[in-house]
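> Shown below is the structure under consideration.
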Amino acid sequence: MSKLTLKIEGERYVVVTRRFAAPPALVYRAHVDPVVIQKWMLGPAGWSMPVCICEAKPKGRIRYEWSNGQGGGFFLTGEFLELVPPRRIVHVERMHLPDATPDNRIETRFEPDGEGTLMTMRMTLPDLETRTRMLSTGMEHGMEASYVRLEGIL
Amino acid sequence: MVKHDMPADRLSATFAALADPTRRAILARLALGQTSVSELAKPFEMSLPAVSKHLKVLEGAGLIARRIDGSSRPCRLAKEGVEAVDQWLAMMRKALDANFERLDVLLAEMQPQSAKRRRRP
């Protein structure tokens, strides 16, 4: 049973929640420390992040580069807008596929949940062109679309 | 396969259609199989015209299809419209699941040190 929820909120947002068995300070750190980020923010199996720049301060730069190990890849750039350790991160990001997608403002919250943390990420739902380009990165490889599943909607 | 044939205004209509809880419930019912309008209306305390209005929005958004079959016009999910949204959500879920499972392992490795520190007299 997956601990992740992924829901469409209204017409414009996607909300992701996930529980972690670690206190907010650690989960927060895993989202702002490039050494840690590079170990987990890799997407599906077979992908890696050869470049990870994450300046965790207001106006700090973000640059993540992913590679599928077979010559394919894409990168993301962004800036931090607000950091409230260990509770809240607001940043803006865009993917380069290779043209830049529209800016997406993402708010990530870390709330104590018993011994662990409930993380909530709220992001703008990308438009059709962005979603199509994201799918064409090959990240969906091996994925079977099932129209009765409708994650987060049904 | 990635579909390029869905116009952007159709996609906005799709998300507007999905924003309403009644329409999401109708889609959930249709995921079980096609059915008639009167059958769809049953679980909702709503008149047939009110349900028909929701169905028109869903149809306009490309999420359902209706067949002319006498007067019953049974409804079913429109595979293409639903897949366009579903495919992206499924990709996101897969990527995020993989990420967070790796993060679970990392957090467990990061954890013992702080737990040890707490236990120190």
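Residues are named by chain letter and number: chains run A, B, ... in the order of the structure tokens, numbers start at 1 in each chain, and ligands are numbered from 1 in the order shown.
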Counting only C-alpha atoms, what is within 6 Å of range 32-39 of chain A, bar same-chain residues fewer than 2 positions away, as number ranges by chain?
A: 29-30, 41, 49, 52, 54, 56
> Among range 9-105 of chain B, which ones does DSSP place in helix (DSSP H, G or I), written as number ranges by chain?
B: 9-18, 21-30, 37-41, 48-60, 79-105
> I'd like the contact shell of Cys75 in chain B - 6 Å cut-off, only C-alpha atoms, skipping same-chain residues fewer than 3 positions apart - returned as a list in words.
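Answer for this query is Gln34, Thr35, Ala65 and Arg66 of chain B.
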> Identify which of the residues B:Val82, B:Leu40, B:Leu58, B:Val105 lies closest to chain A, counting only C-alpha atoms when measuring atom-to-atom distances.
B:Val82
> Please report as a PyMOL selection string which residues of chain B come no farther than 8 Å from chain A, using only C-alpha atoms.
chain B and resi 2-4+8+11-12+15-16+18-20+24-25+27-28+31+79+82-83+85-91+93-100+102-104+106-108+110-111
> Using only C-alpha atoms, which residue out of B:Phe44, B:Glu39, B:Ile26, B:Glu109 lies closest to Glu59 in chain B?
B:Ile26
> Identify, on the basis of only C-alpha atoms, every residue whose closest approach to Leu76 in chain A does not exceed 12 Å; exclude the query and any residue fewer than 4 positions from it along the same chain; express the result as an MDAnalysis selection string.
chainID A and resid 49 51:54 61:67 92:104 134
> Quote the spacing between CA of Arg73 in chain B and CA of Pro49 in chain B in Å to one decimal place.
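Spanning CA of Arg73 in chain B to CA of Pro49 in chain B is a straight-line distance of 13.9 Å.
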> Have a look at B:Val51, B:Ala78, B:Gly62, B:Met92 and name the one nearest to Val15 in chain A; count only C-alpha atoms.
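Among B:Val51, B:Ala78, B:Gly62, B:Met92, it is B:Met92 that comes nearest to Val15 in chain A.
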> Measuring between only C-alpha atoms, which one of A:Gln70, A:Thr120, A:Thr108, A:Thr17 shows the shortest distance to His91 in chain A?
A:Thr108
